file model.cif (mmCIF, C-alpha atoms and all ligand atoms)
data_coords
loop_
_atom_site.label_atom_id
_atom_site.label_comp_id
_atom_site.auth_asym_id
_atom_site.auth_seq_id
_atom_site.Cartn_x
_atom_site.Cartn_y
_atom_site.Cartn_z
CA MET R 1 5.03 -4.88 -35.10
CA ASN R 2 6.08 -8.45 -35.92
CA ALA R 3 3.67 -10.50 -38.01
CA VAL R 4 2.26 -13.44 -36.09
CA PRO R 5 1.12 -16.45 -38.11
CA PRO R 6 -2.51 -17.51 -37.51
CA LEU R 7 -3.10 -20.68 -35.56
CA SER R 8 -4.86 -23.62 -37.10
CA PRO R 9 -8.52 -23.57 -36.02
CA SER R 10 -8.49 -27.37 -35.77
CA ILE R 11 -6.75 -28.15 -32.56
CA SER R 12 -6.69 -31.75 -31.49
CA ALA R 13 -6.08 -31.66 -27.75
CA PRO R 14 -7.85 -29.75 -24.99
CA ARG R 15 -6.05 -26.50 -24.28
CA LEU R 16 -5.78 -24.68 -21.00
CA ILE R 17 -5.98 -20.92 -21.29
CA LEU R 18 -4.85 -18.52 -18.61
CA GLY R 19 -6.78 -15.22 -18.41
CA ILE R 20 -5.71 -12.08 -16.56
CA ASP R 21 -7.63 -8.87 -15.89
CA THR R 22 -6.10 -5.93 -14.02
CA SER R 23 -8.04 -3.17 -15.78
CA CYS R 24 -9.30 -1.43 -12.64
CA ASP R 25 -9.34 -2.37 -8.96
CA ASP R 26 -9.67 -6.17 -9.14
CA THR R 27 -6.74 -8.50 -9.72
CA GLY R 28 -8.35 -11.39 -11.59
CA VAL R 29 -6.72 -14.60 -12.80
CA GLY R 30 -8.71 -17.49 -14.28
CA VAL R 31 -8.11 -20.73 -16.14
CA VAL R 32 -10.41 -22.14 -18.80
CA GLU R 33 -10.28 -25.48 -20.55
CA LEU R 34 -11.11 -25.47 -24.27
CA LEU R 35 -12.16 -28.80 -25.76
CA PRO R 36 -11.68 -29.57 -29.46
CA SER R 37 -15.46 -29.28 -29.92
CA GLY R 38 -15.25 -25.64 -28.86
CA SER R 39 -16.97 -26.21 -25.54
CA VAL R 40 -15.36 -24.58 -22.53
CA ARG R 41 -15.12 -25.18 -18.82
CA VAL R 42 -14.01 -22.70 -16.18
CA ARG R 43 -11.35 -24.46 -14.11
CA ALA R 44 -10.43 -21.54 -11.84
CA ASN R 45 -11.46 -17.98 -11.14
CA ARG R 46 -9.58 -16.09 -8.42
CA ILE R 47 -10.09 -12.40 -7.68
CA TRP R 48 -8.41 -10.01 -5.30
CA SER R 49 -10.73 -7.02 -4.79
CA GLN R 50 -8.72 -4.04 -3.63
CA GLN R 51 -10.01 -2.41 -0.45
CA VAL R 52 -7.44 0.37 -0.41
CA HIS R 53 -9.70 2.76 -2.37
CA ALA R 54 -12.66 2.66 0.02
CA ARG R 55 -11.41 5.56 2.13
CA TYR R 56 -11.08 7.81 -0.96
CA GLY R 57 -14.58 7.14 -2.32
CA GLY R 58 -13.15 6.26 -5.75
CA VAL R 59 -10.38 4.27 -7.42
CA MET R 60 -6.91 5.81 -7.07
CA PRO R 61 -5.03 4.72 -10.20
CA GLU R 62 -1.50 4.69 -8.75
CA LEU R 63 -2.60 2.69 -5.71
CA ALA R 64 -4.44 0.24 -7.98
CA SER R 65 -1.31 -0.41 -10.09
CA ARG R 66 0.82 -0.88 -7.01
CA GLU R 67 -1.56 -3.35 -5.45
CA HIS R 68 -1.83 -5.35 -8.69
CA VAL R 69 1.97 -5.67 -8.64
CA GLU R 70 1.88 -6.84 -5.03
CA ARG R 71 -0.94 -9.38 -5.49
CA ILE R 72 -0.71 -10.84 -8.97
CA ASP R 73 1.76 -13.63 -8.17
CA GLU R 74 -0.33 -14.81 -5.24
CA ILE R 75 -3.59 -14.74 -7.24
CA MET R 76 -1.92 -16.57 -10.13
CA GLY R 77 -0.71 -19.26 -7.69
CA ALA R 78 -4.19 -19.55 -6.17
CA ALA R 79 -5.79 -19.90 -9.63
CA LEU R 80 -3.38 -22.66 -10.68
CA GLU R 81 -4.01 -24.43 -7.39
CA GLU R 82 -7.77 -24.17 -7.80
CA ALA R 83 -7.45 -25.65 -11.31
CA GLY R 84 -5.09 -28.38 -10.04
CA LEU R 85 -2.46 -27.39 -12.59
CA SER R 86 1.11 -26.26 -12.79
CA VAL R 87 2.09 -23.32 -14.95
CA GLN R 88 3.64 -25.65 -17.54
CA ASP R 89 0.14 -27.00 -18.32
CA ILE R 90 -0.95 -23.61 -19.70
CA GLY R 91 -1.32 -23.67 -23.49
CA ALA R 92 -2.25 -20.03 -24.18
CA VAL R 93 -2.44 -16.74 -22.29
CA ALA R 94 -4.93 -13.87 -22.62
CA ALA R 95 -4.65 -10.57 -20.74
CA THR R 96 -6.75 -7.40 -20.90
CA SER R 97 -5.06 -4.64 -22.88
CA GLY R 98 -7.90 -2.11 -22.59
CA PRO R 99 -9.96 -0.18 -21.92
CA GLY R 100 -9.00 0.61 -18.34
CA LEU R 101 -6.45 2.39 -16.18
CA VAL R 102 -3.20 2.26 -18.14
CA GLY R 103 -0.89 1.65 -15.18
CA ALA R 104 -3.19 -1.07 -13.84
CA LEU R 105 -3.61 -2.71 -17.25
CA LEU R 106 0.15 -2.79 -17.78
CA VAL R 107 0.66 -5.00 -14.74
CA GLY R 108 -1.52 -7.85 -16.01
CA LEU R 109 -0.52 -7.34 -19.63
CA MET R 110 3.21 -7.54 -18.91
CA TYR R 111 2.72 -10.44 -16.54
CA GLY R 112 0.69 -12.33 -19.15
CA LYS R 113 3.20 -11.65 -21.90
CA GLY R 114 5.99 -12.84 -19.61
CA VAL R 115 4.20 -16.11 -18.86
CA ALA R 116 3.40 -16.66 -22.57
CA GLN R 117 6.97 -15.97 -23.59
CA ALA R 118 8.47 -18.17 -20.88
CA LEU R 119 6.17 -21.05 -21.87
CA ASN R 120 6.45 -20.30 -25.60
CA VAL R 121 2.67 -20.35 -26.03
CA PRO R 122 0.35 -17.95 -27.94
CA PHE R 123 -0.59 -14.66 -26.31
CA PHE R 124 -3.87 -12.77 -26.87
CA ALA R 125 -4.35 -9.11 -25.89
CA ALA R 126 -8.04 -9.08 -24.93
CA HIS R 127 -10.64 -6.33 -24.95
CA HIS R 128 -12.24 -5.91 -21.53
CA LEU R 129 -15.78 -5.67 -22.93
CA GLU R 130 -15.32 -8.71 -25.14
CA GLY R 131 -14.26 -10.46 -21.94
CA HIS R 132 -17.49 -9.40 -20.22
CA ILE R 133 -19.52 -10.72 -23.16
CA PHE R 134 -17.65 -14.03 -23.25
CA ALA R 135 -18.21 -14.51 -19.52
CA ALA R 136 -21.63 -15.81 -20.61
CA ALA R 137 -19.93 -18.57 -22.64
CA SER R 138 -19.50 -20.30 -19.26
CA GLU R 139 -23.23 -21.05 -19.45
CA GLU R 140 -23.80 -21.84 -23.11
CA GLU R 141 -22.03 -21.59 -26.45
CA LEU R 142 -22.47 -18.09 -27.87
CA GLN R 143 -23.60 -18.29 -31.45
CA ALA R 144 -23.91 -15.09 -33.46
CA PRO R 145 -26.07 -13.31 -34.31
CA TYR R 146 -27.07 -11.91 -30.93
CA LEU R 147 -27.29 -8.65 -29.00
CA ALA R 148 -24.92 -8.01 -26.10
CA LEU R 149 -25.78 -5.66 -23.25
CA VAL R 150 -22.74 -4.86 -21.08
CA VAL R 151 -23.81 -3.15 -17.86
CA SER R 152 -21.08 -2.52 -15.32
CA GLY R 153 -19.66 0.16 -13.08
CA GLY R 154 -17.88 1.81 -16.00
CA HIS R 155 -19.90 0.78 -19.04
CA THR R 156 -23.42 0.64 -20.41
CA HIS R 157 -23.09 -0.57 -23.98
CA LEU R 158 -25.50 -2.36 -26.26
CA PHE R 159 -23.86 -4.16 -29.19
CA ASP R 160 -25.20 -6.06 -32.12
CA VAL R 161 -23.01 -9.08 -32.86
CA PRO R 162 -23.95 -10.06 -36.42
CA GLU R 163 -21.10 -12.56 -36.67
CA GLU R 164 -18.36 -13.93 -34.42
CA GLY R 165 -15.83 -11.22 -33.59
CA LYS R 166 -17.84 -8.34 -35.10
CA TYR R 167 -19.40 -5.75 -32.81
CA VAL R 168 -21.68 -2.91 -33.88
CA LEU R 169 -22.42 -0.34 -31.18
CA VAL R 170 -26.19 0.10 -31.11
CA GLY R 171 -26.42 2.32 -28.03
CA ALA R 172 -24.49 3.52 -24.99
CA THR R 173 -25.08 5.71 -21.97
CA ARG R 174 -25.12 9.46 -22.40
CA ASP R 175 -23.98 10.02 -18.83
CA ASP R 176 -23.53 7.58 -15.92
CA ALA R 177 -23.04 3.85 -16.37
CA ALA R 178 -25.80 1.65 -14.93
CA GLY R 179 -23.62 0.31 -12.09
CA GLU R 180 -22.40 3.82 -11.33
CA ALA R 181 -26.03 4.89 -10.80
CA PHE R 182 -26.60 1.96 -8.40
CA ASP R 183 -23.41 2.93 -6.53
CA LYS R 184 -24.27 6.65 -6.30
CA ILE R 185 -27.86 6.12 -5.20
CA ALA R 186 -26.77 3.54 -2.62
CA ARG R 187 -24.27 6.03 -1.23
CA LEU R 188 -26.92 8.75 -1.13
CA ALA R 189 -29.31 6.46 0.74
CA GLY R 190 -26.55 5.34 3.12
CA LEU R 191 -26.73 1.72 1.93
CA GLY R 192 -23.00 1.12 1.49
CA TYR R 193 -20.64 0.04 -1.28
CA PRO R 194 -20.73 -1.59 -3.79
CA GLY R 195 -24.14 -0.16 -4.39
CA GLY R 196 -25.59 -2.82 -6.68
CA PRO R 197 -25.86 -5.65 -4.15
CA ALA R 198 -26.81 -3.16 -1.39
CA ILE R 199 -29.71 -1.70 -3.44
CA SER R 200 -30.81 -5.17 -4.45
CA GLU R 201 -30.92 -6.37 -0.85
CA ALA R 202 -32.68 -3.24 0.47
CA ALA R 203 -35.17 -3.41 -2.41
CA THR R 204 -36.56 -6.70 -1.09
CA ARG R 205 -37.80 -4.76 1.97
CA GLY R 206 -39.08 -1.70 0.10
CA ASP R 207 -42.11 -0.55 -1.88
CA PRO R 208 -41.34 -0.10 -5.62
CA ASP R 209 -44.35 2.23 -5.98
CA ALA R 210 -43.18 4.58 -3.21
CA VAL R 211 -41.04 6.85 -5.39
CA PRO R 212 -42.42 7.66 -8.85
CA PHE R 213 -39.39 7.61 -11.20
CA LYS R 214 -39.96 8.84 -14.75
CA GLU R 215 -38.70 6.59 -17.53
CA PRO R 216 -35.48 8.09 -18.99
CA LEU R 217 -35.34 9.17 -22.66
CA GLN R 218 -39.03 8.42 -23.12
CA GLY R 219 -40.06 8.32 -26.77
CA GLN R 220 -36.51 8.04 -28.15
CA LYS R 221 -36.17 6.37 -31.54
CA GLY R 222 -32.66 5.11 -30.81
CA PHE R 223 -31.32 2.75 -28.16
CA GLU R 224 -29.42 5.07 -25.85
CA PHE R 225 -29.25 4.98 -22.09
CA SER R 226 -29.22 7.71 -19.44
CA PHE R 227 -29.22 7.49 -15.68
CA SER R 228 -28.69 11.12 -14.62
CA GLY R 229 -32.44 11.83 -14.48
CA LEU R 230 -33.03 8.86 -12.17
CA LYS R 231 -30.11 10.03 -10.03
CA THR R 232 -31.54 13.54 -9.67
CA ALA R 233 -35.01 12.17 -8.91
CA ALA R 234 -33.46 9.91 -6.25
CA LEU R 235 -31.70 12.89 -4.67
CA LEU R 236 -34.94 14.87 -4.52
CA ALA R 237 -36.87 11.93 -3.07
CA HIS R 238 -34.13 11.37 -0.49
CA LYS R 239 -34.27 15.04 0.55
CA ALA R 240 -38.05 14.75 0.80
CA GLY R 241 -37.58 11.91 3.30
CA ALA R 242 -38.04 8.73 1.23
CA LYS R 243 -37.04 5.61 3.14
CA PRO R 244 -33.79 4.00 1.84
CA GLU R 245 -35.50 0.66 1.12
CA ASP R 246 -38.34 2.37 -0.79
CA LEU R 247 -35.82 4.41 -2.77
CA ALA R 248 -33.89 1.21 -3.52
CA ALA R 249 -36.98 -0.74 -4.62
CA SER R 250 -38.34 2.10 -6.77
CA PHE R 251 -34.98 2.89 -8.39
CA GLU R 252 -34.15 -0.75 -9.06
CA ARG R 253 -37.48 -1.31 -10.79
CA ALA R 254 -37.14 1.86 -12.89
CA ALA R 255 -33.55 1.06 -13.93
CA VAL R 256 -34.40 -2.57 -14.77
CA ARG R 257 -37.49 -1.62 -16.79
CA PHE R 258 -35.50 0.96 -18.76
CA LEU R 259 -32.64 -1.47 -19.54
CA VAL R 260 -34.98 -4.29 -20.56
CA LYS R 261 -37.35 -2.11 -22.61
CA THR R 262 -34.51 -0.51 -24.59
CA THR R 263 -32.85 -3.88 -25.25
CA LEU R 264 -36.15 -5.42 -26.28
CA ARG R 265 -36.82 -2.63 -28.80
CA ALA R 266 -33.31 -3.08 -30.22
CA ALA R 267 -33.77 -6.85 -30.46
CA HIS R 268 -36.96 -6.38 -32.45
CA ALA R 269 -35.38 -3.70 -34.66
CA TYR R 270 -32.34 -5.90 -35.40
CA GLY R 271 -34.28 -9.15 -35.61
CA ARG R 272 -32.29 -10.83 -32.84
CA GLY R 273 -33.77 -13.48 -30.57
CA THR R 274 -30.86 -13.81 -28.15
CA VAL R 275 -29.30 -11.27 -25.80
CA VAL R 276 -26.15 -11.76 -23.75
CA VAL R 277 -26.34 -9.66 -20.58
CA SER R 278 -23.06 -9.20 -18.71
CA GLY R 279 -21.02 -6.92 -16.45
CA GLY R 280 -21.50 -6.38 -12.72
CA VAL R 281 -25.15 -5.27 -13.00
CA ALA R 282 -25.98 -8.58 -14.73
CA ALA R 283 -25.75 -10.13 -11.25
CA ASN R 284 -28.95 -8.25 -10.38
CA ARG R 285 -31.79 -10.66 -9.66
CA ALA R 286 -34.57 -8.27 -10.70
CA LEU R 287 -32.83 -7.68 -14.06
CA ARG R 288 -32.51 -11.42 -14.64
CA ALA R 289 -36.17 -11.99 -13.77
CA ALA R 290 -37.30 -9.15 -16.04
CA PHE R 291 -35.35 -10.53 -19.03
CA ALA R 292 -36.72 -14.02 -18.31
CA ALA R 293 -40.23 -12.59 -18.64
CA THR R 294 -39.58 -11.34 -22.22
CA ASP R 295 -39.69 -13.35 -25.44
CA LEU R 296 -35.89 -13.03 -25.73
CA HIS R 297 -33.47 -15.81 -24.95
CA ALA R 298 -31.27 -14.10 -22.35
CA VAL R 299 -27.86 -15.56 -21.49
CA PHE R 300 -26.08 -14.44 -18.31
CA PRO R 301 -22.59 -15.28 -16.98
CA GLY R 302 -22.30 -17.94 -14.31
CA ALA R 303 -21.74 -17.15 -10.63
CA GLY R 304 -18.62 -15.08 -9.96
CA LEU R 305 -18.26 -14.10 -13.62
CA ASN R 306 -20.44 -10.96 -13.71
CA THR R 307 -18.05 -8.49 -12.12
CA ASP R 308 -14.45 -8.07 -13.35
CA ASN R 309 -12.51 -11.35 -13.36
CA GLY R 310 -9.77 -13.24 -15.15
CA ALA R 311 -11.84 -16.25 -16.26
CA MET R 312 -13.89 -14.05 -18.63
CA ILE R 313 -10.64 -12.98 -20.32
CA ALA R 314 -9.60 -16.63 -20.59
CA LEU R 315 -13.03 -17.35 -22.15
CA ALA R 316 -12.47 -14.56 -24.72
CA GLY R 317 -9.02 -16.05 -25.38
CA ALA R 318 -10.56 -19.50 -25.82
CA ALA R 319 -13.04 -18.12 -28.36
CA ALA R 320 -10.21 -16.43 -30.27
CA LEU R 321 -8.16 -19.61 -30.22
CA HIS R 322 -11.07 -21.74 -31.36
CA ALA R 323 -11.93 -19.34 -34.18
CA GLY R 324 -8.33 -19.53 -35.38
CA ARG R 325 -7.67 -15.84 -34.77
CA SER R 326 -4.02 -14.75 -34.92
CA PRO R 327 -2.32 -14.29 -31.55
CA SER R 328 -1.26 -10.78 -30.64
CA ALA R 329 2.26 -9.48 -31.09
CA LEU R 330 4.18 -9.20 -27.84
CA ASP R 331 4.50 -5.44 -28.30
CA ALA R 332 0.70 -4.95 -28.00
CA GLY R 333 0.25 -1.98 -25.65
CA ALA R 334 -2.22 -1.01 -22.94
CA GLU R 335 -4.97 1.37 -24.03
CA ALA R 336 -7.05 3.55 -21.74
CA TYR R 337 -9.69 4.11 -24.40
CA ALA R 338 -10.29 1.23 -26.77
CA PRO R 339 -13.60 1.12 -28.63
CA LEU R 340 -14.77 -2.44 -29.28
CA ALA R 341 -17.16 -1.61 -32.03
CA THR R 342 -17.85 0.48 -35.04
CA PRO R 343 -20.40 3.13 -34.02
CA LEU R 344 -23.66 2.60 -35.82
CA ALA R 345 -23.30 5.68 -38.02
CA GLU R 346 -20.00 4.40 -39.45
CA ALA R 347 -20.91 0.72 -39.70
O1 LIG Z 401 -18.13 -5.30 -14.07
P1 LIG Z 401 -17.75 -4.59 -12.82
O2 LIG Z 401 -16.99 -5.38 -11.78
O3 LIG Z 401 -16.89 -3.33 -13.06
C1 LIG Z 401 -16.65 -2.60 -14.21
O4 LIG Z 401 -16.07 -3.14 -15.17
O5 LIG Z 401 -17.05 -1.43 -14.18
O6 LIG Z 401 -19.12 -4.03 -12.22
C2 LIG Z 401 -19.20 -3.40 -10.96
C3 LIG Z 401 -20.56 -2.75 -10.86
C4 LIG Z 401 -20.72 -1.88 -9.63
O7 LIG Z 401 -21.21 -0.62 -10.03
C5 LIG Z 401 -21.74 -2.65 -8.78
O8 LIG Z 401 -22.55 -1.82 -7.98
C6 LIG Z 401 -22.56 -3.35 -9.86
O9 LIG Z 401 -21.60 -3.74 -10.82
N1 LIG Z 401 -23.26 -4.52 -9.31
C7 LIG Z 401 -24.61 -4.63 -9.28
C8 LIG Z 401 -24.89 -5.85 -8.61
N2 LIG Z 401 -23.70 -6.44 -8.30
C9 LIG Z 401 -22.71 -5.61 -8.75
N3 LIG Z 401 -25.58 -3.80 -9.71
C10 LIG Z 401 -26.85 -4.18 -9.51
N4 LIG Z 401 -27.21 -5.31 -8.86
C11 LIG Z 401 -26.27 -6.17 -8.41
N5 LIG Z 401 -26.64 -7.30 -7.79
ZN ZN Z 402 -15.61 -4.59 -16.23
#

call {"tool": "encode", "arguments": {"input": "model.cif", "output": "structure tokens"}}
result
Amino acid sequence: MNAVPPLSPSISAPRLILGIDTSCDDTGVGVVELLPSGSVRVRANRIWSQQVHARYGGVMPELASREHVERIDEIMGAALEEAGLSVQDIGAVAATSGPGLVGALLVGLMYGKGVAQALNVPFFAAHHLEGHIFAAASEEELQAPYLALVVSGGHTHLFDVPEEGKYVLVGATRDDAAGEAFDKIARLAGLGYPGGPAISEAATRGDPDAVPFKEPLQGQKGFEFSFSGLKTAALLAHKAGAKPEDLAASFERAAVRFLVKTTLRAAHAYGRGTVVVSGGVAANRALRAAFAATDLHAVFPGAGLNTDNGAMIALAGAAALHAGRSPSALDAGAEAYAPLATPLAEA
């Protein structure tokens, strides 16, 4: 691997950073403006959500890669247009290198490297979860220390961020991811896909006391998550004739309470007053309201930045650029499994 010299952290002019995410079934391209003060502004965020997988009931990796190849140019053009820029204005490029589907990741990674090389600007291989966390930088400057709860369709991770760029894994799910549980229970109740918004909408018409869900991992000393018990309870309630909207309201409240309670305990244990909540499930209104009712300062991504997107990767790139981190070598590869943090036991 070639050594890449670090950039000077003191940059004088605003920089425009292109961000690309093709880790799963969304082709996302965004543009972020980084001011010398370190403040950022999202200039564009374009997403192509692939519909081709719907008929299979799950993401088909080969089809995802193919569709990224077919769409990425168009989405890139749309993002530049939204930002009112031409490609020559781009001053740095960030693209997700993992974790994700390797074939899908490679499309955005190679595209990003190509753009960076053609423009002769720095390139940053970005971690998908760091992108989710930095999505919240669209709302306010993230200043460590803080806790970061990433809740999406593929991840439920709680990190402690003691200093910029350092992530300690405090807890993760033992089974399903939070978003996965929303999706599976929505499918079971016939509420459609994606399950998160469908459950949320149906919940407004349902009774949260109708189905008595037991709190998962009750009494645990650690900060782990588990959703399989809630899923089984939902299945039993459904078979017993629970109404879809009651199931939705009861499950949503149980899942939200569990996520908030575990995060709150971790915040007190680690002495953190701020929590960044991100990933697709962070769009959930009940989750946002529940965090707002705690004594924590909760920061959420802005509209359109909760689910997978390119702007969050540009925001992670902007943070790396501002911190003076070294750009990545152009031979940085795609990685299916890429832990962001040191597990607690090894920290
Ligand atoms: O971050 P994301 O796009 O994908 C992964 O990286 O996995 O998150 C997608 C997940 C889906 O499971 C979807 O059901 C969930 O986020 N989601 C929600 C809401 N909107 C999306 N879950 C709960 N409430 C919502 N409003
Ligand atoms: Zn994601």

call {"tool": "atom_distance", "arguments": {"input": "model.cif", "atom1": "CA of Pro36 (chain R)", "atom2": "CA of Gly324 (chain R)"}}
result
12.1 Å

call {"tool": "closest_residue", "arguments": {"input": "model.cif", "among": "R:Arg325, R:Arg257, R:His268, R:Arg46", "to": "Ala293 (chain R)", "atoms": "only C-alpha atoms"}}
result
R:Arg257

call {"tool": "axis_aligned_box", "arguments": {"input": "model.cif", "around": "region 163-170 of chain R", "padding_each_side": "5 Å", "output": "JSON"}}
result
{"center_x": -21.0, "center_y": -6.9, "center_z": -33.9, "size_x": 20.4, "size_y": 24.0, "size_z": 15.6}

call {"tool": "residues_near_ligand", "arguments": {"input": "model.cif", "ligand": "ligand ZN 402 (chain Z)", "cutoff": "10 Å", "atoms": "all atoms listed in the file", "output": "number ranges by chain"}}
result
R: 21-26, 99-100, 128-132, 150-155, 278-280, 306-309, 312

call {"tool": "residues_around", "arguments": {"input": "model.cif", "residues": "Arg272 (chain R)", "least_positions_apart": "3", "cutoff": "10 Å", "atoms": "all atoms listed in the file", "output": "ChimeraX atom specification"}}
result
/R:144-147,160-162,264,266-269,275,296-297

call {"tool": "residues_near_point", "arguments": {"input": "model.cif", "point": "(-35.0, 0.0, -12.6)", "cutoff": "10 Å", "atoms": "all atoms listed in the file", "output": "PyMOL selection string"}}
result
chain R and resi 178+182+208+213+215+227+230+248-260+286-287

call {"tool": "atom_distance", "arguments": {"input": "model.cif", "atom1": "CA of Ala319 (chain R)", "atom2": "CA of Ala283 (chain R)"}}
result
22.8 Å

call {"tool": "closest_residue", "arguments": {"input": "model.cif", "among": "R:Ala92, R:Ala118, R:Ala320, R:Leu305", "to": "Gly28 (chain R)", "atoms": "all atoms listed in the file"}}
result
R:Leu305

call {"tool": "closest_residue", "arguments": {"input": "model.cif", "among": "R:Gly84, R:Gly171, R:Gly108, R:Pro301", "to": "Arg71 (chain R)", "atoms": "only C-alpha atoms"}}
result
R:Gly108

call {"tool": "residues_around", "arguments": {"input": "model.cif", "residues": "Ser328 (chain R)", "least_positions_apart": "3", "cutoff": "8 Å", "atoms": "all atoms listed in the file", "output": "JSON list (two decimals) with C-alpha atoms, in the coordinates of the input"}}
result
[["chain", "number", "residue", "atom", "x", "y", "z"],
["R", 4, "VAL", "CA", 2.26, -13.44, -36.09],
["R", 122, "PRO", "CA", 0.35, -17.95, -27.94],
["R", 123, "PHE", "CA", -0.59, -14.66, -26.31],
["R", 124, "PHE", "CA", -3.87, -12.77, -26.87],
["R", 125, "ALA", "CA", -4.35, -9.11, -25.89],
["R", 332, "ALA", "CA", 0.70, -4.95, -28.00]]

call {"tool": "decode", "arguments": {"input": "model.cif", "residues": "region 267-273 of chain R", "atoms": "all heavy atoms", "output": "mmCIF file, in the first residue's frame"}}
result
data_model
loop_
_atom_site.group_PDB
_atom_site.id
_atom_site.type_symbol
_atom_site.label_atom_id
_atom_site.label_comp_id
_atom_site.auth_asym_id
_atom_site.auth_seq_id
_atom_site.Cartn_x
_atom_site.Cartn_y
_atom_site.Cartn_z
ATOM 1 N N ALA R 267 -25.383 5.494 29.208
ATOM 2 C CA ALA R 267 -24.968 6.902 29.326
ATOM 3 C C ALA R 267 -24.592 7.216 30.769
ATOM 4 O O ALA R 267 -23.585 7.885 31.031
ATOM 5 C CB ALA R 267 -26.089 7.819 28.856
ATOM 6 N N HIS R 268 -25.364 6.700 31.702
ATOM 7 C CA HIS R 268 -25.052 6.949 33.112
ATOM 8 C C HIS R 268 -23.781 6.207 33.504
ATOM 9 O O HIS R 268 -22.911 6.755 34.173
ATOM 10 C CB HIS R 268 -26.241 6.561 33.994
ATOM 11 C CG HIS R 268 -27.412 7.487 33.803
ATOM 12 N ND1 HIS R 268 -28.714 7.125 34.024
ATOM 13 C CD2 HIS R 268 -27.468 8.781 33.372
ATOM 14 C CE1 HIS R 268 -29.527 8.155 33.759
ATOM 15 N NE2 HIS R 268 -28.781 9.160 33.350
ATOM 16 N N ALA R 269 -23.634 4.969 33.027
ATOM 17 C CA ALA R 269 -22.439 4.182 33.373
ATOM 18 C C ALA R 269 -21.173 4.821 32.809
ATOM 19 O O ALA R 269 -20.119 4.788 33.448
ATOM 20 C CB ALA R 269 -22.595 2.754 32.847
ATOM 21 N N TYR R 270 -21.268 5.399 31.609
ATOM 22 C CA TYR R 270 -20.084 5.986 30.954
ATOM 23 C C TYR R 270 -19.949 7.488 31.229
ATOM 24 O O TYR R 270 -18.996 8.114 30.769
ATOM 25 C CB TYR R 270 -20.144 5.731 29.430
ATOM 26 C CG TYR R 270 -19.731 4.327 29.075
ATOM 27 C CD1 TYR R 270 -20.585 3.253 29.289
ATOM 28 C CD2 TYR R 270 -18.460 4.063 28.555
ATOM 29 C CE1 TYR R 270 -20.206 1.953 28.992
ATOM 30 C CE2 TYR R 270 -18.071 2.775 28.245
ATOM 31 C CZ TYR R 270 -18.948 1.727 28.468
ATOM 32 O OH TYR R 270 -18.551 0.446 28.177
ATOM 33 N N GLY R 271 -20.904 8.043 31.918
ATOM 34 C CA GLY R 271 -20.855 9.474 32.239
ATOM 35 C C GLY R 271 -21.001 10.361 31.010
ATOM 36 O O GLY R 271 -20.354 11.403 30.914
ATOM 37 N N ARG R 272 -21.825 9.941 30.067
ATOM 38 C CA ARG R 272 -22.027 10.746 28.857
ATOM 39 C C ARG R 272 -23.376 11.462 28.899
ATOM 40 O O ARG R 272 -24.395 10.855 29.253
ATOM 41 C CB ARG R 272 -22.001 9.853 27.593
ATOM 42 C CG ARG R 272 -20.764 8.990 27.450
ATOM 43 C CD ARG R 272 -19.514 9.829 27.283
ATOM 44 N NE ARG R 272 -18.340 9.002 27.072
ATOM 45 C CZ ARG R 272 -17.159 9.235 27.659
ATOM 46 N NH1 ARG R 272 -17.000 10.248 28.485
ATOM 47 N NH2 ARG R 272 -16.125 8.453 27.399
ATOM 48 N N GLY R 273 -23.393 12.698 28.466
ATOM 49 C CA GLY R 273 -24.640 13.468 28.481
ATOM 50 C C GLY R 273 -25.289 13.592 27.118
ATOM 51 O O GLY R 273 -26.412 14.071 26.996
#
